[in-house]
$ cat entry_39.pdb   # PDB, C-alpha atoms
ATOM      1  CA  MET N  14     153.588 202.295  51.310
ATOM      2  CA  SER N  15     156.000 199.442  51.683
ATOM      3  CA  VAL N  16     155.843 196.341  53.823
ATOM      4  CA  GLU N  17     159.135 196.023  55.679
ATOM      5  CA  ARG N  18     158.613 192.839  57.584
ATOM      6  CA  VAL N  19     155.914 190.184  58.011
ATOM      7  CA  GLY N  20     155.470 187.139  60.171
ATOM      8  CA  THR N  21     153.018 184.685  61.671
ATOM      9  CA  LEU N  22     152.705 183.130  65.097
ATOM     10  CA  LEU N  23     150.386 180.240  65.902
ATOM     11  CA  LEU N  24     147.994 180.813  68.797
ATOM     12  CA  GLU N  25     147.099 177.337  69.942
ATOM     13  CA  SER N  26     148.231 177.220  73.567
ATOM     14  CA  GLU N  27     148.873 179.465  76.552
ATOM     15  CA  GLN N  28     152.589 179.335  75.721
ATOM     16  CA  HIS N  29     151.723 180.947  72.391
ATOM     17  CA  VAL N  30     149.937 183.785  74.196
ATOM     18  CA  VAL N  31     153.166 184.462  76.120
ATOM     19  CA  ALA N  32     155.092 184.223  72.835
ATOM     20  CA  SER N  33     152.746 186.748  71.221
ATOM     21  CA  ARG N  34     153.485 189.273  73.995
ATOM     22  CA  GLN N  35     157.229 188.737  73.508
ATOM     23  CA  THR N  36     156.965 189.021  69.720
ATOM     24  CA  VAL N  37     154.935 192.226  69.926
ATOM     25  CA  ARG N  38     157.393 193.675  72.465
ATOM     26  CA  ALA N  39     160.276 193.047  70.047
ATOM     27  CA  LEU N  40     158.319 194.586  67.144
ATOM     28  CA  CYS N  41     157.406 197.666  69.213
ATOM     29  CA  GLN N  42     161.064 198.115  70.075
ATOM     30  CA  LEU N  43     161.924 197.855  66.380
ATOM     31  CA  LEU N  44     159.542 200.770  65.781
ATOM     32  CA  LYS N  45     161.052 202.623  68.755
ATOM     33  CA  LEU N  46     157.618 203.193  70.287
ATOM     34  CA  SER N  47     157.528 204.986  73.633
ATOM     35  CA  LEU N  48     157.262 202.804  76.733
ATOM     36  CA  VAL N  49     153.592 203.729  77.260
ATOM     37  CA  GLU N  50     152.669 203.008  73.622
ATOM     38  CA  GLN N  51     154.596 199.732  73.789
ATOM     39  CA  THR N  52     152.814 198.713  76.963
ATOM     40  CA  LYS N  53     149.419 199.497  75.438
ATOM     41  CA  MET N  54     150.161 197.532  72.257
ATOM     42  CA  ILE N  55     151.506 194.484  74.140
ATOM     43  CA  THR N  56     148.514 194.525  76.501
ATOM     44  CA  ALA N  57     146.066 194.726  73.573
ATOM     45  CA  ALA N  58     147.915 191.858  71.863
ATOM     46  CA  SER N  59     147.696 189.797  75.054
ATOM     47  CA  GLU N  60     143.931 190.330  75.293
ATOM     48  CA  LEU N  61     143.337 189.550  71.620
ATOM     49  CA  SER N  62     145.646 186.503  71.587
ATOM     50  CA  ARG N  63     143.764 185.056  74.536
ATOM     51  CA  ASN N  64     140.439 185.744  72.760
ATOM     52  CA  THR N  65     141.710 183.908  69.672
ATOM     53  CA  LEU N  66     142.776 180.953  71.804
ATOM     54  CA  ILE N  67     139.752 180.723  74.102
ATOM     55  CA  HIS N  68     136.816 181.994  72.047
ATOM     56  CA  GLY N  69     138.146 181.186  68.583
ATOM     57  CA  GLY N  70     139.475 177.760  69.527
ATOM     58  CA  GLY N  71     142.974 178.777  68.406
ATOM     59  CA  GLY N  72     144.255 180.593  65.356
ATOM     60  CA  ARG N  73     147.170 182.831  64.533
ATOM     61  CA  MET N  74     148.640 186.288  64.867
ATOM     62  CA  ARG N  75     150.053 187.795  61.675
ATOM     63  CA  TRP N  76     152.085 190.977  61.767
ATOM     64  CA  GLU N  77     153.235 193.554  59.257
ATOM     65  CA  VAL N  78     155.694 196.366  59.756
ATOM     66  CA  LEU N  79     154.751 199.144  57.315
ATOM     67  CA  GLN N  80     156.604 202.175  56.115
ATOM     68  CA  VAL N  81     154.524 205.085  54.792
ATOM     69  CA  GLY N  82     156.759 208.012  53.977
ATOM     70  CA  LEU N  83     158.659 208.671  57.188
ATOM     71  CA  ARG N  84     156.120 206.917  59.378
ATOM     72  CA  MET N  85     156.310 203.335  60.491
ATOM     73  CA  GLY N  86     153.348 201.281  61.532
ATOM     74  CA  LEU N  87     152.834 197.926  63.194
ATOM     75  CA  VAL N  88     149.751 195.974  62.126
ATOM     76  CA  LEU N  89     148.661 192.882  64.057
ATOM     77  CA  HIS N  90     145.965 190.549  62.745
ATOM     78  CA  PHE N  91     144.358 187.999  65.083
ATOM     79  CA  GLU N  92     142.556 185.358  63.067
ATOM     80  CA  ASP N  93     140.593 182.250  63.876
ATOM     81  CA  GLU N  94     138.126 179.949  62.186
ATOM     82  CA  GLY N  95     136.066 179.561  65.355
ATOM     83  CA  PRO N  96     132.342 180.026  65.919
ATOM     84  CA  GLY N  97     132.463 183.763  65.175
ATOM     85  CA  ILE N  98     130.544 186.546  66.895
ATOM     86  CA  ALA N  99     126.806 186.927  66.215
ATOM     87  CA  ASP N 100     126.360 190.400  67.680
ATOM     88  CA  LEU N 101     129.465 192.527  67.139
ATOM     89  CA  LYS N 102     127.913 195.599  68.706
ATOM     90  CA  LEU N 103     127.219 193.669  71.891
ATOM     91  CA  ALA N 104     130.717 192.131  71.898
ATOM     92  CA  MET N 105     132.199 195.626  71.724
ATOM     93  CA  THR N 106     130.274 196.711  74.832
ATOM     94  CA  ASP N 107     132.212 197.147  78.079
ATOM     95  CA  GLY N 108     131.431 194.465  80.605
ATOM     96  CA  TRP N 109     129.674 192.122  78.211
ATOM     97  CA  THR N 110     131.219 188.683  78.386
ATOM     98  CA  SER N 111     130.461 185.384  76.729
ATOM     99  CA  GLY N 112     132.352 183.425  79.338
ATOM    100  CA  SER N 113     134.400 183.732  82.467
ATOM    101  CA  GLY N 114     136.267 186.897  81.502
ATOM    102  CA  MET N 115     135.568 190.471  82.499
ATOM    103  CA  GLY N 116     134.309 191.570  79.098
ATOM    104  CA  LEU N 117     137.127 194.059  78.604
ATOM    105  CA  GLY N 118     139.076 192.277  75.867
ATOM    106  CA  LEU N 119     137.565 193.797  72.733
ATOM    107  CA  PRO N 120     136.411 197.258  73.883
ATOM    108  CA  GLY N 121     139.493 197.624  76.108
ATOM    109  CA  SER N 122     141.878 196.703  73.289
ATOM    110  CA  LYS N 123     140.160 199.187  71.004
ATOM    111  CA  ARG N 124     140.767 201.960  73.527
ATOM    112  CA  LEU N 125     144.436 200.974  73.816
ATOM    113  CA  VAL N 126     145.268 201.137  70.112
ATOM    114  CA  GLY N 127     142.852 203.557  68.475
ATOM    115  CA  ASP N 128     143.125 201.901  65.061
ATOM    116  CA  PHE N 129     140.955 198.791  65.435
ATOM    117  CA  GLU N 130     138.999 196.682  62.942
ATOM    118  CA  ILE N 131     136.916 193.601  63.550
ATOM    119  CA  ASP N 132     135.312 191.253  61.064
ATOM    120  CA  SER N 133     133.293 188.315  62.301
ATOM    121  CA  ALA N 134     130.108 186.383  61.617
ATOM    122  CA  PRO N 135     128.697 183.097  62.914
ATOM    123  CA  GLY N 136     130.462 180.205  61.218
ATOM    124  CA  ARG N 137     133.035 182.476  59.544
ATOM    125  CA  GLY N 138     135.505 182.920  62.365
ATOM    126  CA  THR N 139     136.866 186.213  63.632
ATOM    127  CA  ARG N 140     139.561 188.581  62.457
ATOM    128  CA  VAL N 141     140.683 191.541  64.535
ATOM    129  CA  SER N 142     143.293 193.963  63.186
ATOM    130  CA  ILE N 143     145.012 196.631  65.229
ATOM    131  CA  THR N 144     147.569 199.191  64.114
ATOM    132  CA  LYS N 145     149.957 201.427  65.989
ATOM    133  CA  TRP N 146     151.822 204.199  64.159
ATOM    134  CA  LYS N 147     155.113 205.721  65.201
TER     135      LYS N 147
ATOM    136  CA  MET T  22     151.760 190.131 114.922
ATOM    137  CA  GLY T  23     150.734 188.026 111.979
ATOM    138  CA  ALA T  24     153.333 187.307 109.355
ATOM    139  CA  THR T  25     153.499 189.018 105.986
ATOM    140  CA  LEU T  26     153.804 186.887 102.868
ATOM    141  CA  LEU T  27     155.915 188.498 100.177
ATOM    142  CA  VAL T  28     155.351 187.455  96.579
ATOM    143  CA  THR T  29     157.524 188.764  93.781
ATOM    144  CA  ILE T  30     156.297 188.098  90.267
ATOM    145  CA  GLN T  31     159.320 188.123  88.022
ATOM    146  CA  VAL T  32     158.276 186.322  84.872
ATOM    147  CA  ASP T  33     155.729 186.743  82.126
ATOM    148  CA  MET T  34     153.242 184.218  83.503
ATOM    149  CA  LEU T  35     151.119 181.666  81.728
ATOM    150  CA  ASP T  36     147.454 182.029  82.679
ATOM    151  CA  GLN T  37     147.714 178.655  84.428
ATOM    152  CA  THR T  38     150.672 179.911  86.473
ATOM    153  CA  ALA T  39     148.662 182.931  87.608
ATOM    154  CA  LEU T  40     145.810 180.669  88.705
ATOM    155  CA  ALA T  41     148.235 178.337  90.505
ATOM    156  CA  LEU T  42     149.738 181.329  92.339
ATOM    157  CA  GLN T  43     146.270 182.332  93.474
ATOM    158  CA  ASP T  44     145.585 178.843  94.872
ATOM    159  CA  ASP T  45     149.034 178.514  96.481
ATOM    160  CA  LEU T  46     148.698 181.864  98.194
ATOM    161  CA  ALA T  47     145.286 181.021  99.630
ATOM    162  CA  GLU T  48     146.759 177.854 101.056
ATOM    163  CA  ARG T  49     149.801 179.657 102.482
ATOM    164  CA  ILE T  50     147.661 182.347 104.127
ATOM    165  CA  ALA T  51     145.580 179.685 105.841
ATOM    166  CA  LYS T  52     148.613 177.614 106.854
ATOM    167  CA  THR T  53     150.740 180.493 108.190
ATOM    168  CA  GLY T  54     147.956 182.654 109.588
ATOM    169  CA  ALA T  55     149.504 185.588 107.766
ATOM    170  CA  SER T  56     147.744 188.897 108.276
ATOM    171  CA  GLY T  57     149.344 190.573 105.266
ATOM    172  CA  VAL T  58     150.213 189.713 101.684
ATOM    173  CA  MET T  59     152.470 191.914  99.603
ATOM    174  CA  ILE T  60     152.659 191.272  95.865
ATOM    175  CA  ASP T  61     155.565 192.990  94.118
ATOM    176  CA  ILE T  62     154.808 193.457  90.409
ATOM    177  CA  SER T  63     157.638 195.903  89.645
ATOM    178  CA  ALA T  64     159.142 193.406  87.188
ATOM    179  CA  LEU T  65     155.898 193.041  85.220
ATOM    180  CA  GLU T  66     155.945 194.909  81.912
ATOM    181  CA  ILE T  67     152.229 194.488  81.377
ATOM    182  CA  VAL T  68     149.157 193.612  83.424
ATOM    183  CA  ASP T  69     146.298 192.456  81.236
ATOM    184  CA  SER T  70     142.724 191.717  82.293
ATOM    185  CA  PHE T  71     143.625 188.154  83.258
ATOM    186  CA  VAL T  72     146.427 189.120  85.646
ATOM    187  CA  GLY T  73     144.333 192.053  86.873
ATOM    188  CA  ARG T  74     141.514 189.683  87.706
ATOM    189  CA  MET T  75     143.972 187.383  89.475
ATOM    190  CA  LEU T  76     145.211 190.284  91.662
ATOM    191  CA  ALA T  77     141.640 191.262  92.535
ATOM    192  CA  SER T  78     140.777 187.672  93.258
ATOM    193  CA  ILE T  79     143.793 187.149  95.570
ATOM    194  CA  SER T  80     142.796 190.308  97.475
ATOM    195  CA  GLY T  81     139.268 188.988  97.878
ATOM    196  CA  ILE T  82     140.343 185.519  98.991
ATOM    197  CA  ALA T  83     142.877 186.980 101.432
ATOM    198  CA  ARG T  84     140.262 189.321 102.880
ATOM    199  CA  ILE T  85     137.961 186.373 103.615
ATOM    200  CA  LEU T  86     140.935 184.668 105.294
ATOM    201  CA  SER T  87     141.353 187.924 107.288
ATOM    202  CA  ALA T  88     144.557 189.045 105.593
ATOM    203  CA  THR T  89     145.201 192.366 103.856
ATOM    204  CA  THR T  90     146.753 192.378 100.382
ATOM    205  CA  VAL T  91     148.779 195.202  98.926
ATOM    206  CA  VAL T  92     150.120 195.279  95.363
ATOM    207  CA  VAL T  93     153.351 197.259  95.094
ATOM    208  CA  GLY T  94     155.677 198.572  92.411
ATOM    209  CA  MET T  95     153.341 198.918  89.459
ATOM    210  CA  GLN T  96     155.149 200.683  86.620
ATOM    211  CA  PRO T  97     153.548 203.982  85.514
ATOM    212  CA  ALA T  98     153.066 202.727  81.924
ATOM    213  CA  VAL T  99     151.236 199.698  83.314
ATOM    214  CA  ALA T 100     148.962 201.909  85.433
ATOM    215  CA  ILE T 101     148.133 204.134  82.442
ATOM    216  CA  THR T 102     147.356 201.074  80.316
ATOM    217  CA  LEU T 103     145.183 199.446  82.996
ATOM    218  CA  VAL T 104     143.011 202.532  83.309
ATOM    219  CA  GLU T 105     142.510 202.750  79.549
ATOM    220  CA  LEU T 106     141.782 199.042  79.355
ATOM    221  CA  GLY T 107     138.994 199.701  81.857
ATOM    222  CA  LEU T 108     140.395 197.741  84.768
ATOM    223  CA  SER T 109     139.995 199.675  88.004
ATOM    224  CA  LEU T 110     141.367 196.956  90.343
ATOM    225  CA  GLU T 111     138.559 197.790  92.730
ATOM    226  CA  GLY T 112     139.165 196.480  96.216
ATOM    227  CA  VAL T 113     142.884 196.050  95.583
ATOM    228  CA  LYS T 114     145.172 198.111  97.798
ATOM    229  CA  THR T 115     148.224 199.453  95.994
ATOM    230  CA  ALA T 116     151.399 201.208  97.096
ATOM    231  CA  LEU T 117     154.261 202.780  95.201
ATOM    232  CA  ASN T 118     156.967 200.543  96.643
ATOM    233  CA  VAL T 119     157.742 197.850  99.216
ATOM    234  CA  GLU T 120     158.379 200.341 102.012
ATOM    235  CA  ARG T 121     155.023 202.067 101.566
ATOM    236  CA  GLY T 122     153.363 198.694 101.116
ATOM    237  CA  LEU T 123     154.631 197.606 104.526
ATOM    238  CA  GLU T 124     153.232 200.829 105.969
ATOM    239  CA  VAL T 125     149.806 200.024 104.461
ATOM    240  CA  LEU T 126     149.930 196.553 106.012
ATOM    241  CA  ARG T 127     151.051 197.936 109.392
ATOM    242  CA  ARG T 128     148.115 200.355 109.464
ATOM    243  CA  ALA T 129     145.699 197.590 108.469
ATOM    244  CA  ARG T 130     147.006 195.497 111.393
ATOM    245  CA  GLU T 131     146.555 198.376 113.817
ATOM    246  CA  GLU T 132     143.005 198.933 112.625
ATOM    247  CA  SER T 133     142.180 195.285 113.122
ATOM    248  CA  GLY T 134     143.627 195.400 116.639
ATOM    249  CA  LEU T 135     146.721 193.325 115.984
ATOM    250  CA  VAL T 136     149.696 194.862 117.744
ATOM    251  CA  GLY T 137     153.163 195.194 116.251
TER     252      GLY T 137
END

$ encode --input "entry_39.pdb" --output "C-alpha coordinates"
Amino acid sequence: MSVERVGTLLLESEQHVVASRQTVRALCQLLKLSLVEQTKMITAASELSRNTLIHGGGGRMRWEVLQVGLRMGLVLHFEDEGPGIADLKLAMTDGWTSGSGMGLGLPGSKRLVGDFEIDSAPGRGTRVSITKWK
Amino acid sequence: MGATLLVTIQVDMLDQTALALQDDLAERIAKTGASGVMIDISALEIVDSFVGRMLASISGIARILSATTVVVGMQPAVAITLVELGLSLEGVKTALNVERGLEVLRRAREESGLVG
(Lines of atoms letter the chains of each structure in order from A and count residues from 1; the text may use other names and numbers.)
(Lines give C-alpha, C1' and ligand atoms only; values in the text may rest on other atoms or scores of the structure.)
Protein backbone atom coordinates (compact mmCIF):
# COMPACT_ATOMS: atom_id res chain seq x y z
CA MET A 1 0.00 0.00 0.00
CA SER A 2 1.28 3.44 -0.80
CA VAL A 3 0.00 6.84 0.17
CA GLU A 4 -0.21 8.96 -2.97
CA ARG A 5 -1.43 12.23 -1.58
CA VAL A 6 -2.35 13.72 1.80
CA GLY A 7 -3.78 16.99 2.99
CA THR A 8 -5.60 18.79 5.77
CA LEU A 9 -8.42 21.30 5.79
CA LEU A 10 -9.47 23.27 8.86
CA LEU A 11 -13.14 23.02 9.79
CA GLU A 12 -13.78 26.12 11.84
CA SER A 13 -16.49 27.97 9.93
CA GLU A 14 -19.35 27.39 7.51
CA GLN A 15 -17.04 28.49 4.68
CA HIS A 16 -14.81 25.56 5.59
CA VAL A 17 -17.75 23.17 5.27
CA VAL A 18 -18.26 24.44 1.70
CA ALA A 19 -14.51 24.09 1.11
CA SER A 20 -14.60 20.50 2.36
CA ARG A 21 -17.29 19.63 -0.21
CA GLN A 22 -15.19 21.22 -2.97
CA THR A 23 -12.02 19.46 -1.82
CA VAL A 24 -13.73 16.08 -1.66
CA ARG A 25 -15.27 16.64 -5.11
CA ALA A 26 -11.80 17.29 -6.56
CA LEU A 27 -10.38 14.20 -4.82
CA CYS A 28 -13.25 12.01 -6.07
CA GLN A 29 -12.59 13.23 -9.59
CA LEU A 30 -8.92 12.37 -9.16
CA LEU A 31 -10.00 8.81 -8.34
CA LYS A 32 -12.41 8.86 -11.30
CA LEU A 33 -15.31 7.74 -9.11
CA SER A 34 -18.69 7.42 -10.81
CA LEU A 35 -21.07 10.35 -10.44
CA VAL A 36 -23.25 8.47 -7.93
CA GLU A 37 -20.26 7.41 -5.80
CA GLN A 38 -18.91 10.96 -5.95
CA THR A 39 -22.23 12.39 -4.87
CA LYS A 40 -22.46 9.96 -1.95
CA MET A 41 -18.91 10.72 -0.77
CA ILE A 42 -19.36 14.51 -1.01
CA THR A 43 -22.70 14.31 0.82
CA ALA A 44 -21.17 12.18 3.61
CA ALA A 45 -18.27 14.66 3.86
CA SER A 46 -20.74 17.54 4.11
CA GLU A 47 -22.62 15.85 6.96
CA LEU A 48 -19.45 14.94 8.85
CA SER A 49 -17.81 18.36 8.34
CA ARG A 50 -20.89 20.04 9.76
CA ASN A 51 -20.84 17.62 12.74
CA THR A 52 -17.19 18.49 13.39
CA LEU A 53 -17.99 22.20 13.27
CA ILE A 54 -21.23 22.19 15.27
CA HIS A 55 -20.90 19.30 17.72
CA GLY A 56 -17.11 19.17 17.95
CA GLY A 57 -16.66 22.93 18.16
CA GLY A 58 -14.44 22.86 15.06
CA GLY A 59 -11.60 20.61 14.00
CA ARG A 60 -10.15 19.41 10.74
CA MET A 61 -10.58 17.08 7.80
CA ARG A 62 -7.50 15.09 6.81
CA TRP A 63 -7.43 13.10 3.60
CA GLU A 64 -5.29 10.35 2.14
CA VAL A 65 -5.32 8.99 -1.38
CA LEU A 66 -4.15 5.36 -1.19
CA GLN A 67 -2.97 2.96 -3.82
CA VAL A 68 -3.29 -0.77 -3.06
CA GLY A 69 -2.28 -2.80 -6.07
CA LEU A 70 -4.47 -1.50 -8.87
CA ARG A 71 -7.08 -0.06 -6.53
CA MET A 72 -7.22 3.49 -5.34
CA GLY A 73 -8.92 4.61 -2.19
CA LEU A 74 -9.88 7.93 -0.66
CA VAL A 75 -9.79 8.13 3.13
CA LEU A 76 -11.28 11.12 4.95
CA HIS A 77 -10.73 11.69 8.66
CA PHE A 78 -12.92 14.19 10.54
CA GLU A 79 -11.31 15.07 13.85
CA ASP A 80 -12.17 17.35 16.72
CA GLU A 81 -11.20 17.83 20.33
CA GLY A 82 -14.77 18.63 21.36
CA PRO A 83 -16.91 17.13 24.11
CA GLY A 84 -17.01 13.69 22.48
CA ILE A 85 -19.93 11.27 22.32
CA ALA A 86 -20.95 9.38 25.47
CA ASP A 87 -23.18 6.79 23.82
CA LEU A 88 -21.88 5.85 20.37
CA LYS A 89 -24.57 3.25 19.81
CA LEU A 90 -27.26 5.85 20.40
CA ALA A 91 -25.48 8.40 18.17
CA MET A 92 -25.47 5.86 15.35
CA THR A 93 -29.25 5.41 15.60
CA ASP A 94 -31.41 6.93 12.86
CA GLY A 95 -33.39 9.91 14.05
CA TRP A 96 -31.49 10.41 17.29
CA THR A 97 -30.27 13.97 17.54
CA SER A 98 -28.40 15.91 20.17
CA GLY A 99 -29.51 19.23 18.76
CA SER A 100 -31.49 20.86 16.03
CA GLY A 101 -30.55 18.43 13.26
CA MET A 102 -32.49 15.49 11.90
CA GLY A 103 -30.24 12.84 13.40
CA LEU A 104 -29.17 11.50 10.02
CA GLY A 105 -25.56 12.69 9.97
CA LEU A 106 -23.74 9.69 11.41
CA PRO A 107 -25.99 6.74 10.45
CA GLY A 108 -26.76 8.34 7.07
CA SER A 109 -23.08 8.91 6.28
CA LYS A 110 -22.31 5.32 7.21
CA ARG A 111 -24.88 4.10 4.71
CA LEU A 112 -23.41 6.34 2.00
CA VAL A 113 -19.82 5.11 2.26
CA GLY A 114 -19.90 1.57 3.63
CA ASP A 115 -16.41 1.81 5.12
CA PHE A 116 -16.97 3.86 8.29
CA GLU A 117 -15.12 4.05 11.61
CA ILE A 118 -15.85 6.19 14.62
CA ASP A 119 -13.81 6.72 17.75
CA SER A 120 -15.11 9.00 20.47
CA ALA A 121 -15.40 9.28 24.23
CA PRO A 122 -16.43 12.09 26.58
CA GLY A 123 -13.57 14.56 26.92
CA ARG A 124 -11.51 12.89 24.17
CA GLY A 125 -13.08 14.43 21.10
CA THR A 126 -14.35 12.55 18.07
CA ARG A 127 -12.71 11.02 15.04
CA VAL A 128 -14.72 9.65 12.14
CA SER A 129 -12.97 7.98 9.20
CA ILE A 130 -14.64 7.06 5.94
CA THR A 131 -13.14 5.34 2.91
CA LYS A 132 -14.30 4.96 -0.66
CA TRP A 133 -12.50 2.55 -3.00
CA LYS A 134 -12.39 2.79 -6.76
CA MET B 1 -54.38 33.58 -10.61
CA GLY B 2 -51.75 33.93 -7.95
CA ALA B 3 -48.20 34.48 -9.07
CA THR B 4 -45.52 31.81 -9.06
CA LEU B 5 -42.18 32.58 -7.45
CA LEU B 6 -39.27 30.93 -9.22
CA VAL B 7 -36.10 30.28 -7.25
CA THR B 8 -33.01 28.88 -8.90
CA ILE B 9 -30.26 27.70 -6.58
CA GLN B 10 -27.03 27.90 -8.50
CA VAL B 11 -24.29 27.91 -5.91
CA ASP B 12 -23.01 25.62 -3.19
CA MET B 13 -24.71 27.44 -0.32
CA LEU B 14 -23.47 28.22 3.15
CA ASP B 15 -25.90 26.98 5.79
CA GLN B 16 -26.61 30.62 6.65
CA THR B 17 -27.47 31.34 3.01
CA ALA B 18 -29.96 28.47 2.98
CA LEU B 19 -31.62 29.82 6.12
CA ALA B 20 -31.70 33.35 4.66
CA LEU B 21 -33.35 31.99 1.50
CA GLN B 22 -36.01 30.34 3.63
CA ASP B 23 -36.77 33.62 5.43
CA ASP B 24 -36.70 35.71 2.24
CA LEU B 25 -39.07 33.35 0.48
CA ALA B 26 -41.57 33.42 3.34
CA GLU B 27 -41.54 37.19 3.17
CA ARG B 28 -41.93 37.24 -0.62
CA ILE B 29 -44.85 34.79 -0.53
CA ALA B 30 -46.66 36.99 1.97
CA LYS B 31 -45.85 40.21 0.11
CA THR B 32 -46.77 38.99 -3.39
CA GLY B 33 -49.63 36.68 -2.45
CA ALA B 34 -48.01 34.02 -4.60
CA SER B 35 -49.90 30.75 -4.81
CA GLY B 36 -46.94 28.75 -6.09
CA VAL B 37 -43.23 28.45 -5.42
CA MET B 38 -40.93 26.57 -7.75
CA ILE B 39 -37.40 25.80 -6.57
CA ASP B 40 -35.03 24.69 -9.32
CA ILE B 41 -32.16 22.63 -7.86
CA SER B 42 -30.84 21.24 -11.16
CA ALA B 43 -27.51 22.99 -10.58
CA LEU B 44 -27.03 21.43 -7.13
CA GLU B 45 -24.49 18.61 -7.11
CA ILE B 46 -25.47 17.47 -3.64
CA VAL B 47 -28.36 17.91 -1.23
CA ASP B 48 -27.36 17.08 2.32
CA SER B 49 -29.61 16.86 5.37
CA PHE B 50 -29.32 20.59 6.00
CA VAL B 51 -30.48 21.64 2.53
CA GLY B 52 -33.07 18.84 2.58
CA ARG B 53 -34.46 20.20 5.82
CA MET B 54 -34.51 23.70 4.33
CA LEU B 55 -36.56 22.46 1.33
CA ALA B 56 -39.02 20.69 3.63
CA SER B 57 -39.24 23.75 5.82
CA ILE B 58 -39.92 26.12 2.88
CA SER B 59 -42.70 23.77 1.72
CA GLY B 60 -44.24 23.81 5.18
CA ILE B 61 -44.03 27.58 5.58
CA ALA B 62 -45.45 28.13 2.09
CA ARG B 63 -48.32 25.75 2.79
CA ILE B 64 -49.29 27.75 5.89
CA LEU B 65 -49.17 30.88 3.71
CA SER B 66 -51.46 28.98 1.29
CA ALA B 67 -48.88 28.50 -1.45
CA THR B 68 -47.79 25.23 -3.05
CA THR B 69 -44.08 24.46 -3.38
CA VAL B 70 -42.57 22.20 -5.99
CA VAL B 71 -38.88 21.28 -6.16
CA VAL B 72 -37.73 20.61 -9.71
CA GLY B 73 -34.67 19.29 -11.53
CA MET B 74 -33.11 17.07 -8.90
CA GLN B 75 -30.23 15.13 -10.45
CA PRO B 76 -30.63 11.32 -10.32
CA ALA B 77 -27.38 10.89 -8.33
CA VAL B 78 -28.71 13.37 -5.78
CA ALA B 79 -32.01 11.46 -5.49
CA ILE B 80 -30.18 8.15 -4.99
CA THR B 81 -27.97 9.71 -2.32
CA LEU B 82 -30.88 11.34 -0.48
CA VAL B 83 -32.73 8.05 -0.18
CA GLU B 84 -29.66 6.28 1.19
CA LEU B 85 -28.99 9.14 3.58
CA GLY B 86 -32.50 8.53 4.91
CA LEU B 87 -34.07 11.79 3.83
CA SER B 88 -37.51 11.20 2.36
CA LEU B 89 -38.42 14.89 1.82
CA GLU B 90 -41.88 14.08 3.12
CA GLY B 91 -44.43 16.72 2.25
CA VAL B 92 -42.23 18.16 -0.50
CA LYS B 93 -43.69 18.02 -4.00
CA THR B 94 -41.12 17.26 -6.68
CA ALA B 95 -41.16 17.28 -10.47
CA LEU B 96 -38.64 16.23 -13.08
CA ASN B 97 -38.31 19.64 -14.71
CA VAL B 98 -39.68 23.18 -14.83
CA GLU B 99 -42.43 22.31 -17.31
CA ARG B 100 -43.80 19.49 -15.17
CA GLY B 101 -43.36 21.63 -12.08
CA LEU B 102 -45.61 24.29 -13.59
CA GLU B 103 -48.16 21.57 -14.32
CA VAL B 104 -48.08 20.49 -10.64
CA LEU B 105 -48.65 24.10 -9.57
CA ARG B 106 -51.47 24.57 -12.10
CA ARG B 107 -53.27 21.49 -10.78
CA ALA B 108 -52.79 22.64 -7.19
CA ARG B 109 -54.39 25.99 -8.13
CA GLU B 110 -57.34 24.27 -9.77
CA GLU B 111 -57.88 22.10 -6.71
CA SER B 112 -57.87 25.13 -4.46
CA GLY B 113 -60.40 26.85 -6.71
CA LEU B 114 -58.10 29.47 -8.16
CA VAL B 115 -58.75 29.85 -11.87
CA GLY B 116 -56.07 30.22 -14.52

$ interface_residues --input "entry_39.pdb" --of "chain N" --to "chain T" --cutoff "6 Å" --atoms "all atoms listed in the file" --output "list in words"
Val49, Lys53, Thr56 and Gly121 of chain N

$ axis_aligned_box --input "entry_39.pdb" --around "range 49-55 of chain T" --padding-each-side "5 Å" --output "AutoDock Vina command-line options"
--center_x 148.2 --center_y 181.6 --center_z 106.0 --size_x 15.2 --size_y 18.0 --size_z 17.1

$ resolve_selection --input "entry_39.pdb" --expression "the PyMOL selection byres ((chain N and resi 62) around 8)" --output "number ranges by chain"
N: 24, 30, 33, 58-61, 63-66, 74, 91

$ residues_around --input "entry_39.pdb" --residues "Gly134 in chain T" --least-positions-apart "6" --cutoff "12 Å" --atoms "all atoms listed in the file" --output "list of chain:residue names"
T:Met22, T:Gly23, T:Ser56, T:Arg127, T:Arg128

$ residues_around --input "entry_39.pdb" --residues "range 44-46 of chain N" --least-positions-apart "6" --cutoff "10 Å" --atoms "only C-alpha atoms" --output "ChimeraX atom specification"
/N:38,52,54,78-79,84-87,145-147
